[in-house]
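Just below is one structure, and these are the notes that go with it.
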There are 2 protein chains.
Amino acid sequence: MASQYTKLQSIEVEDNLLLPYQVSNPTQKKSQNKFASYFYRVKGYIIKKWKILLLLMFVLLLIAGVILIPVLVLRYKTSTISDQCDEYGKEIINNAVQKGTEAYSRLSTLVTLFPGRLSGSEQLENAIDWIQDMMLDDGFDLVKTDDVEVTHWVRGDESATILQPYHRKMNMLGLGGSIAGNVTAEVIVVSSFDELDTLQDQVKGKIVLFNAIFTNYSSTVQYRSGGASAAAKYGGVAALVRSITPYSLGTPHTGVMFYQDGIDKIPTAAITLEDADLIQNLAILNQTVIVNLYMEAQTMPTNAISRNVMAQINGSTYPDEVVVIGGHTDSWDVAQGAMDDGGGIVVAWEALRLIKSLGIIPKRTIRVVGWTNEENGAAGGAAYAQLYTNETFFSIESDIGVTQPLGFNVMASEQTITDLQLIADKVLSPIKTTSIVEGEVGTDNGFLVSNGKPGAQLITDESKYFWYHHTAGDAMDKMDPSQMNQCVAAMATMALCISNWVGQLN
Amino acid sequence: MASQYTKLQSIEVEDNLLLPYQVSNPTQKKSQNKFASYFYRVKGYIIKKWKILLLLMFVLLLIAGVILIPVLVLRYKTSTISDQCDEYGKEIINNAVQKGTEAYSRLSTLVTLFPGRLSGSEQLENAIDWIQDMMLDDGFDLVKTDDVEVTHWVRGDESATILQPYHRKMNMLGLGGSIAGNVTAEVIVVSSFDELDTLQDQVKGKIVLFNAIFTNYSSTVQYRSGGASAAAKYGGVAALVRSITPYSLGTPHTGVMFYQDGIDKIPTAAITLEDADLIQNLAILNQTVIVNLYMEAQTMPTNAISRNVMAQINGSTYPDEVVVIGGHTDSWDVAQGAMDDGGGIVVAWEALRLIKSLGIIPKRTIRVVGWTNEENGAAGGAAYAQLYTNETFFSIESDIGVTQPLGFNVMASEQTITDLQLIADKVLSPIKTTSIVEGEVGTDNGFLVSNGKPGAQLITDESKYFWYHHTAGDAMDKMDPSQMNQCVAAMATMALCISNWVGQLN
């Protein structure tokens, strides 16, 4: 029909077309002369300036294209933002930010009753029980746990003491995965793996101190995770690592480390920025520094059984397609685990609870997952991905602290990143959570992303995050209720708009 | 002569005075009429508006007075700023700030070789030896030490562990002066002495946790210094104190405490903000909290001998009048003591060295003093005042950190505060160290002030000072070389201008 109509129209137009140089009747003579003169001037102008005019037409066409094509694409493309996203988003944000949520108080209860939720600990399993019970009380459509086999490392007593040139006890924390040891040796200080290679002949029998200044987490953390084997390769008897942080108040930071196959295992611990600098300065003053490192740490011969815990609201239209939101339930033993990552799991959980309490039924299933064992093995994330990759539509993890939300890091196609930007611009402007950038997702939903599913991570103001990351400083006093509420709003809105997305994301 | 001249002048003026209504010669008749008319109009105006005119004259007199009197007073008063203050001040500031000083590097060496300089420790005496040797090398006019008997408290092994509702080791520091103990008991949390009084019937046999939120140091520190005896008075078996700080990264803060006579001594320690809140939150959740406090701390039966260390540049005109500048050499055992108060003594010392290196001979003697035992007894300050109060012209201590200098707290007469403001405005504007206010001086020069001598304390930006005060976080990474140089400039300039002051300060 459309093409027929077009044809008819064009014929009509042709019939009525008056070409400028045609004489239509005699009374037009005078005006015709004038018109002809004008015509020739225009003709001359066209001949003279045809290149410019061509360019002008091209530019006009280009502008029309730039404006029209996206409009047409958006109008007719099969994948697009749901009409309800805007309305629901406003309702969610209004409720979370204006009326408030229980995120802060639930987190406070969680970390007060169950601080130090390290894999294999009673604390972690008690916390998971508590979360599951609360989720059942919340009346979600499905609440369940999946068993996950996890490593069981325990710290035991430990100390690091300067014995020479004076006696001085250092604040320290053994690194997760380290073996026990009781080593007294001279310290050699290096600032990088390169310097270690350069000084390799001097390493044998010594304790290597990796005193690398914090640049960013992913760059500097390699000394914590790989320092021990790097030192042992050249005959080092223990490895000390400057804590992975830009600022310290006498604060050691623990974290996981890995032994390289085929290299002797040596004990390894983090010391504070203050003590790392002290030892470095002693070395600069030509002082021989002797340290005793004592650690009772051990990885239990048998793995422990932990659990991923989850709850969901079933989708109305595509119940078998799941939008996953979550964080991890475990934390380091010395931390209360408020920021890392009690806040993450509680915010995701509270986001789901808010959607439910507003009576909103998403088109796809939205599931909150509390992954276990993120800190020293990531067996929870791996196990989840093994079971549920196929049904996953999208996943969002929150594991960088729940301070002021800024946006989302996304691992997905360019089109999906554009789509999420559309959602953020449309509904998340009131809480300024509109930064959608390609970037790393969480450790746990990273397994889903590795399996080819699009995913994201909530991005927040992390300016102080690494000050207390993996320390006794990760506690409730770092949490701000109103910032947590904004994180709830951001997670709930994004999850809902994705679950109601018209078409696919990839 | 002056009065005679004035008299002569006034006679001349009188002879030539033409009163407006006098006729001087006939040719003036016409103009006289006009003049008379004008005169009567003015007279009428005066009669009509005499009140306003009187007020106007009064205001003019007042303005003249406000401008003239201080000028005259300054011109003729016997006590005033020295002419050289301005010139020397510029030279000192230029050298300290533009060319730099050795303050940072000397402090780095001091705290690297001798961290943890607690009274009675080898570290403190080694540090004093080193300072004395360096001062001798610097070639000052007099370098000496005075023996001071000091308390000798040692920390020993210590721990605080939550045993119920779960097992959790806390970061803690025994308080200086505490006795040893091995106490396991239920914890009762109070936020103030008032609340303790209210709950006194529930205290017997319990560990009292003073969880007072930091307001300012002098208000909140009373729980650290007096908590143990307050708890023991009602039968408490140990006292835990929320660390005296507004911010924490799992950081316990030590400090001195005092037992009240006639009340049982009980062991006492500081725990972190994070753990204090945790225990409080457990109590709110109706959990019984049982803690074990283990401390091997002891005050040695015999006092130790420490020393005040000092060096000076003899005054050219009044060598027996001494301007004292200084800080304290001792620090808490766990701290490197960079801010508290290695920086203070080094900045004062470097100020004197700068004056000397510029070849400036002050009119009065300027002496740098490193007081000992400020942290747990203040025997150094007391001993110094006992020996040297009489010769003291003025004293300035630096013991609030050597960050950005802002001005000086002064304990002196109003006139002296005005005088110091004059100095600050004249010479310290380039480094914005112009805030001269009545306020607390240091603990050590406080003894001189108590004995009636005027004194001051260098005031700096202390916004983060209590974050690391009395902790393992008080280390070189908190120091800024350029801020230290500005402190040197401020101390040197103020000391020199005071030493060259014309007249007395009181």
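Identifiers for the structure tokens are assigned positionally: chains receive A, B, ... in sequence, residues are indexed from 1 per chain, and ligands are indexed from 1 in the order shown.
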Practice item. Would you list, as a PyMOL selection string, the residues of range 289-468 of chain B that end up in helix (DSSP H, G or I) under DSSP run on this structure's backbone? Key: chain B and resi 338-357+379-388+414-427+429-431+446-450+465-468
**Study point:** Polymer residues at most 9 Å from Asp264 in chain B, only C-alpha atoms, same-chain spacing of 6 or more positions, as a ChimeraX atom specification
**Key:** /B:229,232-233,235
Let's have the selection written as a PDB file, in the first residue's frame, with C-alpha atoms.
```pdb
ATOM      1  CA  SER B 229      39.162   5.173  88.808  1.00  0.00           C
ATOM      2  CA  ALA B 232      36.657   1.165  90.002  1.00  0.00           C
ATOM      3  CA  LYS B 233      34.741   3.458  92.357  1.00  0.00           C
ATOM      4  CA  GLY B 235      33.308  -1.923  91.589  1.00  0.00           C
TER       5      GLY B 235
END
```
Compile a residue-level contact table for range 371-416 of chain A against range 163-176 of chain A at a cut-off of 12 Å, reporting for every qualifying residue the shortest atom pair and its distance in Å to one decimal, with only C-alpha atoms counted, rows ordered by chain and ascending number, as JSON lines.
```
{"residue": "A:Asn373", "atom": "CA", "partner": "A:Gly176", "partner_atom": "CA", "distance": 11.9}
{"residue": "A:Glu375", "atom": "CA", "partner": "A:Gly176", "partner_atom": "CA", "distance": 8.7}
{"residue": "A:Asn376", "atom": "CA", "partner": "A:Gly176", "partner_atom": "CA", "distance": 6.8}
{"residue": "A:Gly377", "atom": "CA", "partner": "A:Gly176", "partner_atom": "CA", "distance": 10.0}
```
Review point. Which of these residues is nearest to chain B, using only C-alpha atoms: A:Pro246, A:Gly89, A:Pro319, A:Gly473?
Key: A:Gly473
Taking only C-alpha atoms into account and nothing else, which residues of chain B lie no more than 10 Å away from chain A? Please answer as a PDB file with N, CA and C atoms, in the first residue's frame.
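Written file, part.pdb:
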```pdb
ATOM      1  N   SER B 108      63.380  12.957  59.973  1.00  0.00           N
ATOM      2  CA  SER B 108      63.352  11.604  59.417  1.00  0.00           C
ATOM      3  C   SER B 108      64.443  10.744  60.047  1.00  0.00           C
ATOM      4  N   THR B 109      65.630  11.306  60.169  1.00  0.00           N
ATOM      5  CA  THR B 109      66.729  10.557  60.793  1.00  0.00           C
ATOM      6  C   THR B 109      66.412  10.264  62.263  1.00  0.00           C
ATOM      7  N   VAL B 111      63.472  10.011  63.865  1.00  0.00           N
ATOM      8  CA  VAL B 111      62.422   9.021  64.154  1.00  0.00           C
ATOM      9  C   VAL B 111      62.733   7.667  63.532  1.00  0.00           C
ATOM     10  N   THR B 112      63.586   7.657  62.512  1.00  0.00           N
ATOM     11  CA  THR B 112      63.978   6.373  61.930  1.00  0.00           C
ATOM     12  C   THR B 112      64.934   5.633  62.863  1.00  0.00           C
ATOM     13  N   LEU B 113      65.878   6.370  63.426  1.00  0.00           N
ATOM     14  CA  LEU B 113      66.852   5.728  64.322  1.00  0.00           C
ATOM     15  C   LEU B 113      66.283   5.515  65.727  1.00  0.00           C
ATOM     16  N   PHE B 114      65.348   6.383  66.129  1.00  0.00           N
ATOM     17  CA  PHE B 114      64.852   6.329  67.517  1.00  0.00           C
ATOM     18  C   PHE B 114      63.335   6.497  67.589  1.00  0.00           C
ATOM     19  N   PRO B 115      62.577   5.564  67.023  1.00  0.00           N
ATOM     20  CA  PRO B 115      61.120   5.652  67.187  1.00  0.00           C
ATOM     21  C   PRO B 115      60.734   5.185  68.587  1.00  0.00           C
ATOM     22  N   GLY B 116      59.539   5.546  69.031  1.00  0.00           N
ATOM     23  CA  GLY B 116      59.030   5.024  70.311  1.00  0.00           C
ATOM     24  C   GLY B 116      59.860   5.469  71.499  1.00  0.00           C
ATOM     25  N   GLU B 122      65.589   3.030  76.349  1.00  0.00           N
ATOM     26  CA  GLU B 122      66.890   3.241  75.733  1.00  0.00           C
ATOM     27  C   GLU B 122      66.741   4.147  74.505  1.00  0.00           C
ATOM     28  N   GLN B 123      65.629   3.949  73.785  1.00  0.00           N
ATOM     29  CA  GLN B 123      65.380   4.739  72.577  1.00  0.00           C
ATOM     30  C   GLN B 123      65.402   6.234  72.869  1.00  0.00           C
ATOM     31  N   PRO B 165      29.505 -12.523  72.310  1.00  0.00           N
ATOM     32  CA  PRO B 165      28.818 -13.665  71.685  1.00  0.00           C
ATOM     33  C   PRO B 165      29.649 -14.413  70.654  1.00  0.00           C
ATOM     34  N   TYR B 166      30.834 -13.959  70.361  1.00  0.00           N
ATOM     35  CA  TYR B 166      31.734 -14.690  69.461  1.00  0.00           C
ATOM     36  C   TYR B 166      33.152 -14.354  69.867  1.00  0.00           C
ATOM     37  N   HIS B 167      34.096 -15.045  69.298  1.00  0.00           N
ATOM     38  CA  HIS B 167      35.504 -14.812  69.601  1.00  0.00           C
ATOM     39  C   HIS B 167      36.051 -13.799  68.607  1.00  0.00           C
ATOM     40  N   ARG B 168      36.537 -12.699  69.121  1.00  0.00           N
ATOM     41  CA  ARG B 168      37.066 -11.670  68.215  1.00  0.00           C
ATOM     42  C   ARG B 168      38.156 -10.871  68.912  1.00  0.00           C
ATOM     43  N   LYS B 169      39.347 -10.911  68.335  1.00  0.00           N
ATOM     44  CA  LYS B 169      40.473 -10.162  68.878  1.00  0.00           C
ATOM     45  C   LYS B 169      40.312  -8.697  68.489  1.00  0.00           C
ATOM     46  N   MET B 170      40.513  -7.808  69.448  1.00  0.00           N
ATOM     47  CA  MET B 170      40.377  -6.380  69.148  1.00  0.00           C
ATOM     48  C   MET B 170      41.754  -5.729  69.046  1.00  0.00           C
ATOM     49  N   ASN B 171      41.852  -4.699  68.215  1.00  0.00           N
ATOM     50  CA  ASN B 171      43.043  -3.849  68.249  1.00  0.00           C
ATOM     51  C   ASN B 171      42.955  -3.014  69.521  1.00  0.00           C
ATOM     52  N   TYR B 247      38.390   9.951  64.055  1.00  0.00           N
ATOM     53  CA  TYR B 247      38.422   9.083  62.867  1.00  0.00           C
ATOM     54  C   TYR B 247      39.397   7.943  63.094  1.00  0.00           C
ATOM     55  N   SER B 248      39.049   6.795  62.564  1.00  0.00           N
ATOM     56  CA  SER B 248      39.868   5.619  62.832  1.00  0.00           C
ATOM     57  C   SER B 248      39.941   4.708  61.623  1.00  0.00           C
ATOM     58  N   LEU B 249      41.083   4.086  61.457  1.00  0.00           N
ATOM     59  CA  LEU B 249      41.224   2.987  60.495  1.00  0.00           C
ATOM     60  C   LEU B 249      41.675   1.768  61.294  1.00  0.00           C
ATOM     61  N   GLY B 250      40.830   1.377  62.235  1.00  0.00           N
ATOM     62  CA  GLY B 250      41.167   0.262  63.118  1.00  0.00           C
ATOM     63  C   GLY B 250      42.309   0.611  64.056  1.00  0.00           C
ATOM     64  N   THR B 251      42.341   1.879  64.486  1.00  0.00           N
ATOM     65  CA  THR B 251      43.517   2.445  65.135  1.00  0.00           C
ATOM     66  C   THR B 251      43.281   2.734  66.615  1.00  0.00           C
ATOM     67  N   PRO B 252      43.908   1.992  67.523  1.00  0.00           N
ATOM     68  CA  PRO B 252      43.801   2.340  68.942  1.00  0.00           C
ATOM     69  C   PRO B 252      44.792   3.454  69.295  1.00  0.00           C
ATOM     70  N   THR B 272      39.461   0.544  69.639  1.00  0.00           N
ATOM     71  CA  THR B 272      39.199   1.407  68.481  1.00  0.00           C
ATOM     72  C   THR B 272      37.755   1.908  68.483  1.00  0.00           C
ATOM     73  N   LEU B 273      37.510   2.953  67.713  1.00  0.00           N
ATOM     74  CA  LEU B 273      36.145   3.435  67.495  1.00  0.00           C
ATOM     75  C   LEU B 273      35.270   2.305  66.964  1.00  0.00           C
ATOM     76  N   GLU B 274      35.848   1.520  66.043  1.00  0.00           N
ATOM     77  CA  GLU B 274      35.086   0.453  65.395  1.00  0.00           C
ATOM     78  C   GLU B 274      34.630  -0.586  66.414  1.00  0.00           C
ATOM     79  N   ASP B 275      35.550  -1.000  67.304  1.00  0.00           N
ATOM     80  CA  ASP B 275      35.193  -2.034  68.278  1.00  0.00           C
ATOM     81  C   ASP B 275      34.309  -1.475  69.391  1.00  0.00           C
ATOM     82  N   ASP B 277      32.054   0.851  68.992  1.00  0.00           N
ATOM     83  CA  ASP B 277      30.709   0.868  68.398  1.00  0.00           C
ATOM     84  C   ASP B 277      30.134  -0.544  68.292  1.00  0.00           C
ATOM     85  N   LEU B 278      31.006  -1.495  67.960  1.00  0.00           N
ATOM     86  CA  LEU B 278      30.550  -2.887  67.817  1.00  0.00           C
ATOM     87  C   LEU B 278      29.969  -3.389  69.136  1.00  0.00           C
ATOM     88  N   ILE B 279      30.703  -3.143  70.219  1.00  0.00           N
ATOM     89  CA  ILE B 279      30.228  -3.610  71.529  1.00  0.00           C
ATOM     90  C   ILE B 279      28.942  -2.880  71.915  1.00  0.00           C
ATOM     91  N   GLN B 280      28.915  -1.582  71.640  1.00  0.00           N
ATOM     92  CA  GLN B 280      27.689  -0.815  71.916  1.00  0.00           C
ATOM     93  C   GLN B 280      26.509  -1.392  71.124  1.00  0.00           C
ATOM     94  N   ASN B 281      26.742  -1.680  69.844  1.00  0.00           N
ATOM     95  CA  ASN B 281      25.661  -2.223  69.007  1.00  0.00           C
ATOM     96  C   ASN B 281      25.230  -3.609  69.468  1.00  0.00           C
ATOM     97  N   LEU B 282      26.180  -4.407  69.948  1.00  0.00           N
ATOM     98  CA  LEU B 282      25.819  -5.717  70.511  1.00  0.00           C
ATOM     99  C   LEU B 282      24.919  -5.532  71.731  1.00  0.00           C
ATOM    100  N   ALA B 283      25.273  -4.547  72.565  1.00  0.00           N
ATOM    101  CA  ALA B 283      24.456  -4.273  73.752  1.00  0.00           C
ATOM    102  C   ALA B 283      23.048  -3.842  73.346  1.00  0.00           C
ATOM    103  N   ILE B 284      22.969  -3.018  72.308  1.00  0.00           N
ATOM    104  CA  ILE B 284      21.656  -2.564  71.818  1.00  0.00           C
ATOM    105  C   ILE B 284      20.829  -3.757  71.332  1.00  0.00           C
ATOM    106  N   LEU B 285      21.515  -4.758  70.769  1.00  0.00           N
ATOM    107  CA  LEU B 285      20.821  -5.968  70.302  1.00  0.00           C
ATOM    108  C   LEU B 285      20.659  -6.992  71.436  1.00  0.00           C
ATOM    109  N   GLN B 287      22.725  -8.386  73.402  1.00  0.00           N
ATOM    110  CA  GLN B 287      23.722  -9.445  73.505  1.00  0.00           C
ATOM    111  C   GLN B 287      24.584  -9.191  74.742  1.00  0.00           C
ATOM    112  N   ASP B 333      55.428   4.818  73.026  1.00  0.00           N
ATOM    113  CA  ASP B 333      56.220   3.675  72.563  1.00  0.00           C
ATOM    114  C   ASP B 333      55.803   3.188  71.178  1.00  0.00           C
ATOM    115  N   VAL B 334      54.488   3.182  70.909  1.00  0.00           N
ATOM    116  CA  VAL B 334      54.006   2.624  69.642  1.00  0.00           C
ATOM    117  C   VAL B 334      54.167   3.591  68.476  1.00  0.00           C
ATOM    118  N   ALA B 335      54.350   4.878  68.780  1.00  0.00           N
ATOM    119  CA  ALA B 335      54.456   5.896  67.731  1.00  0.00           C
ATOM    120  C   ALA B 335      55.907   6.075  67.318  1.00  0.00           C
ATOM    121  N   GLN B 336      56.099   6.528  66.072  1.00  0.00           N
ATOM    122  CA  GLN B 336      57.439   7.000  65.716  1.00  0.00           C
ATOM    123  C   GLN B 336      57.667   8.361  66.373  1.00  0.00           C
ATOM    124  N   TRP B 467      43.809  12.223  64.446  1.00  0.00           N
ATOM    125  CA  TRP B 467      43.636  10.949  63.738  1.00  0.00           C
ATOM    126  C   TRP B 467      44.779   9.987  64.099  1.00  0.00           C
ATOM    127  N   TYR B 468      45.992  10.553  64.257  1.00  0.00           N
ATOM    128  CA  TYR B 468      47.158   9.666  64.456  1.00  0.00           C
ATOM    129  C   TYR B 468      47.871   9.906  65.785  1.00  0.00           C
ATOM    130  N   HIS B 469      47.370  10.836  66.559  1.00  0.00           N
ATOM    131  CA  HIS B 469      47.927  11.204  67.862  1.00  0.00           C
ATOM    132  C   HIS B 469      48.026   9.975  68.776  1.00  0.00           C
ATOM    133  N   THR B 471      49.459   7.077  68.272  1.00  0.00           N
ATOM    134  CA  THR B 471      49.245   5.800  67.576  1.00  0.00           C
ATOM    135  C   THR B 471      50.464   5.438  66.735  1.00  0.00           C
ATOM    136  N   ALA B 472      50.425   4.227  66.201  1.00  0.00           N
ATOM    137  CA  ALA B 472      51.461   3.788  65.265  1.00  0.00           C
ATOM    138  C   ALA B 472      51.394   4.579  63.960  1.00  0.00           C
ATOM    139  N   GLY B 473      50.330   5.357  63.789  1.00  0.00           N
ATOM    140  CA  GLY B 473      50.182   6.181  62.588  1.00  0.00           C
ATOM    141  C   GLY B 473      50.953   7.491  62.652  1.00  0.00           C
ATOM    142  N   ASP B 474      51.484   7.827  63.837  1.00  0.00           N
ATOM    143  CA  ASP B 474      52.265   9.061  63.965  1.00  0.00           C
ATOM    144  C   ASP B 474      53.669   8.786  63.446  1.00  0.00           C
ATOM    145  N   ALA B 475      53.838   9.008  62.137  1.00  0.00           N
ATOM    146  CA  ALA B 475      55.074   8.600  61.464  1.00  0.00           C
ATOM    147  C   ALA B 475      55.414   9.599  60.362  1.00  0.00           C
ATOM    148  N   MET B 476      56.528   9.361  59.687  1.00  0.00           N
ATOM    149  CA  MET B 476      57.039  10.318  58.702  1.00  0.00           C
ATOM    150  C   MET B 476      56.082  10.572  57.543  1.00  0.00           C
ATOM    151  N   ASP B 477      55.219   9.584  57.232  1.00  0.00           N
ATOM    152  CA  ASP B 477      54.338   9.792  56.074  1.00  0.00           C
ATOM    153  C   ASP B 477      53.307  10.893  56.327  1.00  0.00           C
ATOM    154  N   LYS B 478      53.183  11.344  57.565  1.00  0.00           N
ATOM    155  CA  LYS B 478      52.248  12.431  57.856  1.00  0.00           C
ATOM    156  C   LYS B 478      52.910  13.809  57.719  1.00  0.00           C
TER     157      LYS B 478
END
```
Practice item. Could you tell me which of B:Leu56, B:Ala64, B:Ile244, B:Val203 comes closest to Gln222 in chain B if we count only C-alpha atoms? Key: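 For Gln222 in chain B, the nearest of the candidates is B:Ile244.
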